[in-house]
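**Student:** File target20.txt below, compact mmCIF, C-alpha atoms and all ligand atoms:
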```
# COMPACT_ATOMS: atom_id res chain seq x y z
CA MET U 1 -25.29 53.87 -22.19
CA LEU U 2 -22.02 54.91 -20.64
CA ASN U 3 -22.10 56.95 -17.43
CA PRO U 4 -19.79 60.01 -17.20
CA LEU U 5 -16.92 58.11 -15.53
CA GLU U 6 -17.09 55.28 -18.06
CA LEU U 7 -17.15 57.92 -20.78
CA ALA U 8 -14.05 59.58 -19.26
CA HIS U 9 -12.20 56.27 -19.40
CA ARG U 10 -13.32 55.71 -22.99
CA PHE U 11 -12.11 59.18 -24.08
CA LEU U 12 -8.74 58.65 -22.38
CA ALA U 13 -8.31 55.15 -23.80
CA GLU U 14 -8.85 56.55 -27.31
CA VAL U 15 -5.61 58.56 -27.13
CA ILE U 16 -3.34 56.62 -24.73
CA VAL U 17 -0.83 54.18 -26.21
CA PRO U 18 1.60 51.97 -24.26
CA GLY U 19 4.46 53.94 -22.73
CA ASP U 20 2.61 57.27 -22.64
CA LEU U 21 3.13 59.37 -19.52
CA VAL U 22 -0.23 60.01 -17.82
CA VAL U 23 -1.32 61.52 -14.49
CA ASP U 24 -3.99 60.47 -12.03
CA ALA U 25 -4.35 63.73 -10.11
CA THR U 26 -6.64 62.25 -7.44
CA MET U 27 -5.69 58.65 -6.66
CA GLY U 28 -8.37 57.91 -4.03
CA GLN U 29 -9.21 54.20 -4.00
CA GLY U 30 -7.08 53.66 -7.09
CA TYR U 31 -9.72 52.79 -9.67
CA ASP U 32 -8.46 55.33 -12.22
CA THR U 33 -4.81 54.51 -11.50
CA VAL U 34 -5.47 50.84 -12.19
CA PHE U 35 -7.45 51.67 -15.31
CA LEU U 36 -4.61 53.81 -16.71
CA ALA U 37 -1.92 51.29 -15.74
CA GLY U 38 -3.98 48.63 -17.51
CA LEU U 39 -3.51 50.61 -20.73
CA LYS U 40 0.25 50.06 -20.23
CA ALA U 41 0.78 53.79 -19.69
CA ASP U 42 3.43 55.13 -17.29
CA VAL U 43 1.14 56.40 -14.56
CA VAL U 44 2.06 59.02 -11.96
CA ALA U 45 -0.67 59.28 -9.32
CA PHE U 46 -1.12 61.86 -6.55
CA ASP U 47 -3.05 61.96 -3.28
CA VAL U 48 -2.61 63.81 0.00
CA GLN U 49 -3.82 60.85 2.12
CA ALA U 50 -1.63 57.85 2.97
CA LEU U 51 -4.78 55.71 3.05
CA ALA U 52 -5.31 56.41 -0.66
CA LEU U 53 -1.78 55.22 -1.46
CA ALA U 54 -2.30 52.04 0.59
CA MET U 55 -5.61 51.27 -1.14
CA THR U 56 -4.17 51.97 -4.59
CA GLU U 57 -1.03 49.91 -3.94
CA LYS U 58 -3.21 46.95 -2.96
CA ARG U 59 -5.46 47.34 -6.00
CA LEU U 60 -2.42 47.54 -8.30
CA GLU U 61 -0.90 44.44 -6.72
CA GLN U 62 -4.12 42.49 -7.21
CA ALA U 63 -4.15 43.51 -10.88
CA GLN U 64 -0.40 42.84 -11.22
CA LEU U 65 0.16 46.38 -12.45
CA THR U 66 2.52 49.18 -11.41
CA ALA U 67 2.35 52.97 -11.11
CA LYS U 68 4.34 55.72 -9.41
CA LEU U 69 2.35 56.73 -6.33
CA ILE U 70 3.10 60.12 -4.80
CA LEU U 71 1.94 61.27 -1.37
CA ASP U 72 1.64 64.95 -2.22
CA GLY U 73 -0.85 67.45 -3.60
CA HIS U 74 -1.40 67.56 -7.35
CA GLU U 75 -0.60 71.28 -7.21
CA ASN U 76 3.04 70.17 -6.78
CA VAL U 77 3.01 68.12 -10.00
CA GLY U 78 5.77 70.34 -11.46
CA GLN U 79 8.18 69.03 -8.81
CA TYR U 80 7.74 65.47 -10.10
CA ILE U 81 7.17 65.76 -13.86
CA ASP U 82 9.25 67.77 -16.32
CA GLN U 83 8.07 66.14 -19.55
CA GLN U 84 5.01 66.27 -21.72
CA ILE U 85 2.04 64.12 -20.73
CA LYS U 86 -0.57 62.43 -22.92
CA ALA U 87 -3.47 62.54 -20.47
CA ALA U 88 -4.67 63.20 -16.94
CA ILE U 89 -7.75 62.57 -14.84
CA PHE U 90 -9.22 64.32 -11.80
CA ASN U 91 -12.02 62.88 -9.67
CA LEU U 92 -12.97 65.81 -7.48
CA GLY U 93 -14.40 65.54 -3.98
CA TYR U 94 -13.51 63.29 -1.03
CA LEU U 95 -12.24 59.75 -0.58
CA PRO U 96 -15.30 57.51 -0.07
CA LYS U 97 -15.45 55.75 3.34
CA SER U 98 -12.86 58.17 4.70
CA ASP U 99 -12.49 61.67 6.18
CA LYS U 100 -14.99 63.83 4.30
CA GLN U 101 -13.13 66.93 5.49
CA VAL U 102 -10.26 66.17 3.11
CA ILE U 103 -11.67 67.38 -0.19
CA THR U 104 -10.15 68.73 -3.36
CA GLN U 105 -10.13 72.54 -3.33
CA ALA U 106 -10.76 75.00 -6.15
CA GLU U 107 -7.45 76.81 -5.76
CA THR U 108 -5.20 73.75 -5.79
CA THR U 109 -7.30 71.97 -8.42
CA LEU U 110 -6.96 74.94 -10.79
CA ASP U 111 -3.26 75.26 -9.99
CA ALA U 112 -2.72 71.60 -10.95
CA LEU U 113 -4.99 71.83 -13.99
CA THR U 114 -3.11 74.88 -15.29
CA GLN U 115 0.23 73.06 -14.99
CA LEU U 116 -1.11 69.86 -16.57
CA LEU U 117 -2.59 71.79 -19.52
CA GLU U 118 0.89 73.23 -20.12
CA MET U 119 2.43 69.73 -20.03
CA LEU U 120 -0.23 68.21 -22.29
CA VAL U 121 0.86 67.15 -25.79
CA LYS U 122 -1.21 68.25 -28.76
CA GLY U 123 -4.05 65.75 -29.10
CA GLY U 124 -3.75 64.89 -25.40
CA ARG U 125 -6.78 64.88 -23.11
CA ILE U 126 -7.68 65.75 -19.52
CA ALA U 127 -10.81 64.40 -17.82
CA LEU U 128 -12.38 66.10 -14.81
CA MET U 129 -15.13 64.24 -12.98
CA ILE U 130 -17.01 66.90 -11.05
CA TYR U 131 -18.71 65.77 -7.85
CA TYR U 132 -20.31 68.69 -6.02
CA GLY U 133 -22.89 67.28 -3.56
CA HIS U 134 -20.59 67.69 -0.54
CA ALA U 135 -19.82 70.83 1.51
CA GLY U 136 -17.45 72.97 -0.56
CA GLY U 137 -18.29 71.11 -3.77
CA LEU U 138 -20.39 73.86 -5.34
CA GLU U 139 -17.60 76.43 -5.03
CA GLU U 140 -15.11 74.08 -6.67
CA ARG U 141 -17.57 73.12 -9.43
CA ASP U 142 -18.24 76.77 -10.26
CA ALA U 143 -14.53 77.70 -10.19
CA VAL U 144 -13.63 74.83 -12.52
CA LEU U 145 -16.49 75.65 -14.91
CA ALA U 146 -15.49 79.32 -14.99
CA PHE U 147 -11.86 78.39 -15.67
CA VAL U 148 -12.52 75.87 -18.46
CA SER U 149 -15.13 78.16 -20.06
CA GLY U 150 -12.35 80.72 -20.46
CA LEU U 151 -9.89 78.41 -22.21
CA PRO U 152 -9.19 79.68 -25.74
CA GLN U 153 -11.19 77.71 -28.31
CA ARG U 154 -8.31 77.81 -30.80
CA GLU U 155 -6.12 75.81 -28.38
CA PHE U 156 -8.58 73.62 -26.51
CA GLN U 157 -11.81 71.77 -27.16
CA VAL U 158 -13.83 71.62 -23.94
CA MET U 159 -16.94 69.44 -23.62
CA ARG U 160 -19.35 68.69 -20.78
CA TYR U 161 -21.21 65.37 -20.39
CA GLY U 162 -23.76 64.45 -17.73
CA GLY U 163 -27.17 63.02 -16.90
CA ILE U 164 -30.34 65.09 -17.22
CA ASN U 165 -32.98 63.44 -15.01
CA GLN U 166 -30.95 62.07 -12.10
CA ALA U 167 -31.85 62.78 -8.47
CA ASN U 168 -29.57 64.69 -6.07
CA GLN U 169 -26.36 66.15 -7.49
CA PRO U 170 -25.20 63.75 -10.20
CA PRO U 171 -21.53 64.05 -11.11
CA PHE U 172 -20.67 65.22 -14.60
CA LEU U 173 -17.63 65.07 -16.83
CA VAL U 174 -15.60 67.93 -18.29
CA MET U 175 -13.30 66.72 -21.06
CA ILE U 176 -10.50 68.89 -22.45
CA GLU U 177 -8.49 68.13 -25.58
CA LYS U 178 -5.47 70.16 -26.69
CA ARG U 179 -5.99 70.91 -30.35
CA LEU U 180 -3.49 69.63 -32.92
C1 LIG K 1 -13.14 61.46 -5.27
S1 LIG K 1 -11.61 60.94 -4.58
C2 LIG K 1 -10.77 60.21 -5.97
C3 LIG K 1 -11.30 58.88 -6.41
C4 LIG K 1 -10.31 58.08 -7.23
N1 LIG K 1 -10.03 58.67 -8.51
C5 LIG K 1 -10.67 56.62 -7.38
O1 LIG K 1 -10.59 56.08 -8.50
O2 LIG K 1 -11.00 56.02 -6.37
C6 LIG K 1 -10.71 62.46 -4.37
C7 LIG K 1 -9.33 62.26 -3.81
O3 LIG K 1 -8.61 63.49 -3.95
C8 LIG K 1 -7.70 63.56 -2.88
N2 LIG K 1 -7.17 64.93 -2.76
C9 LIG K 1 -7.65 65.99 -2.07
N3 LIG K 1 -6.86 67.07 -2.26
C10 LIG K 1 -5.84 66.67 -3.09
C11 LIG K 1 -4.70 67.33 -3.65
N4 LIG K 1 -4.46 68.62 -3.40
N5 LIG K 1 -3.89 66.61 -4.44
C12 LIG K 1 -4.13 65.30 -4.70
N6 LIG K 1 -5.19 64.63 -4.20
C13 LIG K 1 -6.04 65.31 -3.41
C14 LIG K 1 -8.49 63.07 -1.68
O4 LIG K 1 -7.64 62.67 -0.63
C15 LIG K 1 -9.30 61.93 -2.32
O5 LIG K 1 -8.66 60.69 -2.12
```
What is this structure when it is put down as structure tokens?
**Tutor:**
Amino acid sequence: MLNPLELAHRFLAEVIVPGDLVVDATMGQGYDTVFLAGLKADVVAFDVQALALAMTEKRLEQAQLTAKLILDGHENVGQYIDQQIKAAIFNLGYLPKSDKQVITQAETTLDALTQLLEMLVKGGRIALMIYYGHAGGLEERDAVLAFVSGLPQREFQVMRYGGINQANQPPFLVMIEKRL
């Protein structure tokens, strides 16, 4: 069976074709950036930590792939992209093996998500991996769930996927598709 992150990648791969503009809103260690670049998409990736850019750059080099890496918050996405996008992914929370104080925040996450939903082409998809076991995670989880629950059904299909019997606070996936 696919876990929620593998499922997110599968759902994105179903709609992305080479040359599509896509956004990794939370670069982190670069796993999603490399995955998207491997689909031959034009990837624009954001993170607020220089360490994330360094890790992602290295991972891209190893895979002989390229992406545009931006050291800035995803809430500023409008300053960097003025075209439609096919897809985006968020992995909420903190950068593993790094400063756990630097976490994604409800306000900026929803700001970025609102802008990316505007930029999304019809049939495009946004994946949000929700990690909430850390301090501050519950507030962000609840804010994101409240926001996506309120998206109009005529315009967006919103689905939630996650484990049922896992210990601790297992991450889950929220998948949004802009209707045709
Ligand atoms: C869970 S990690 C992302 C994992 C990543 N997708 C990967 O494949 O390794 C969350 C990342 O979001 C970053 N972050 C926090 N606030 C941000 C913001 N406002 N804009 C962009 N990135 C942010 C953190 O620095 C951290 O690297």
**Student:** Near Val174 of chain U, counting all atoms listed in the file, which residues have an atom at most 8 Å away, once you skip same-chain residues fewer than 5 positions from it, shown as a list in words?
**Tutor:**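 Listing them by chain and then by number gives Ala127, Leu128, Met129, Ile130, Val158, Met159, Arg160 and Tyr161 of chain U.
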**Student:** Taking 6 positions as the minimum chain separation for residues in the same chain, which residues sit within 10 Å of segment 95-106 of chain U when counting only C-alpha atoms? Answer as a list in words.
**Tutor:**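 Neighbouring residues, sequence-local ones excluded: Thr26, Met27, Gly28, Gln29, Asp47, Val48, Gln49, Leu51, Ala52, Gly73, His74, Ala112, His134, Ala135, Gly136, Gly137, Leu138, Glu139, Glu140, Arg141, Asp142, Ala143 and Val144 of chain U.
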**Student:** Mind listing whatever residues come within 12 Å of the point (-6.7, 44.3, -8.0)? Use all atoms listed in the file, file coordinates, and give them as a list in words.
**Tutor:**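 The distance filter leaves exactly Gln29, Gly30, Tyr31, Asp32, Thr33, Val34, Phe35, Ala37, Gly38, Met55, Thr56, Glu57, Lys58, Arg59, Leu60, Glu61, Gln62, Ala63, Gln64, Leu65 and Thr66 of chain U.
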**Student:** Which one is closest to Leu12 of chain U: U:Asn168, U:Ile176, U:Gln83, U:Val77? Count only C-alpha atoms.
**Tutor:**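 Closest candidate: U:Ile176.
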**Student:** Which residue, U:Ile16, U:Ala8, U:Leu120, U:Ala45, has the smallest gap to ligand LIG 1 (chain K) when you use all atoms listed in the file?
**Tutor:**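 Among the listed residues, the smallest separation from ligand LIG 1 (chain K) belongs to U:Ala45.
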**Student:** In Å, how far is it from atom CA of Lys40 of chain U to atom C13 of ligand LIG 1 (chain K)?
**Tutor:**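 One can read the atom CA of Lys40 of chain U to atom C13 of ligand LIG 1 (chain K) distance as 23.6 Å.
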**Student:** Would you mind reading off the distance between atom CA of Leu145 of chain U and atom CA of Asn76 of chain U, one decimal, in Å?
**Tutor:**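 Between atom CA of Leu145 of chain U and atom CA of Asn76 of chain U the gap is 21.9 Å.
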**Student:** From the list U:Thr109, U:Gln115, U:Gln166, U:Ser149, which residue is nearest ligand LIG 1 (chain K) when using all atoms listed in the file?
**Tutor:**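 The shortest atom-to-atom distance to ligand LIG 1 (chain K) comes from U:Thr109.
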**Student:** For Gly123 of chain U, which residue among U:Asp72, U:Gly162, U:Arg10, U:Ile85 is the nearest when counting only C-alpha atoms?
**Tutor:**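 Result for the nearest residue to Gly123 of chain U: U:Ile85.
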**Student:** Between atom C3 of ligand LIG 1 (chain K) and atom CA of Asp82 of chain U, what is the distance in Å, rounded to a tenth?
**Tutor:**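 Atom CA of Asp82 of chain U lies at a distance of 24.5 Å from atom C3 of ligand LIG 1 (chain K).
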**Student:** Build an axis-aligned box that encloses every atom of segment 144-155 of chain U listed in the file, pad it by 8 Å on each side, and report its centre and edge lengths in Å to one decimal, as AutoDock Vina command-line options.
**Tutor:**
```
--center_x -11.3 --center_y 77.8 --center_z -21.7 --size_x 26.4 --size_y 21.9 --size_z 34.3
```
**Student:** Give me the residues within 8 Å of Val17 of chain U as a list in words, counting all atoms listed in the file and dropping any in the same chain fewer than 2 places off.
**Tutor:**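 So, after excluding close chain neighbours, the residues are Ala13, Val15, Gly19, Asp20, Leu39, Lys40 and Ala41 of chain U.
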**Student:** Taking into account all atoms listed in the file, which residue in the set U:Ile89, U:Leu2, U:Leu7, U:Ile81 is nearest to ligand LIG 1 (chain K)?
**Tutor:**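 Going through U:Ile89, U:Leu2, U:Leu7, U:Ile81 one by one, the smallest distance to ligand LIG 1 (chain K) is for U:Ile89.
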**Student:** With all atoms listed in the file as the atoms that count, which of U:Tyr131, U:Asp42, U:Ala54, U:Leu116 lies nearest to ligand LIG 1 (chain K)?
**Tutor:**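 Among the listed residues, U:Tyr131 lies closest to ligand LIG 1 (chain K).
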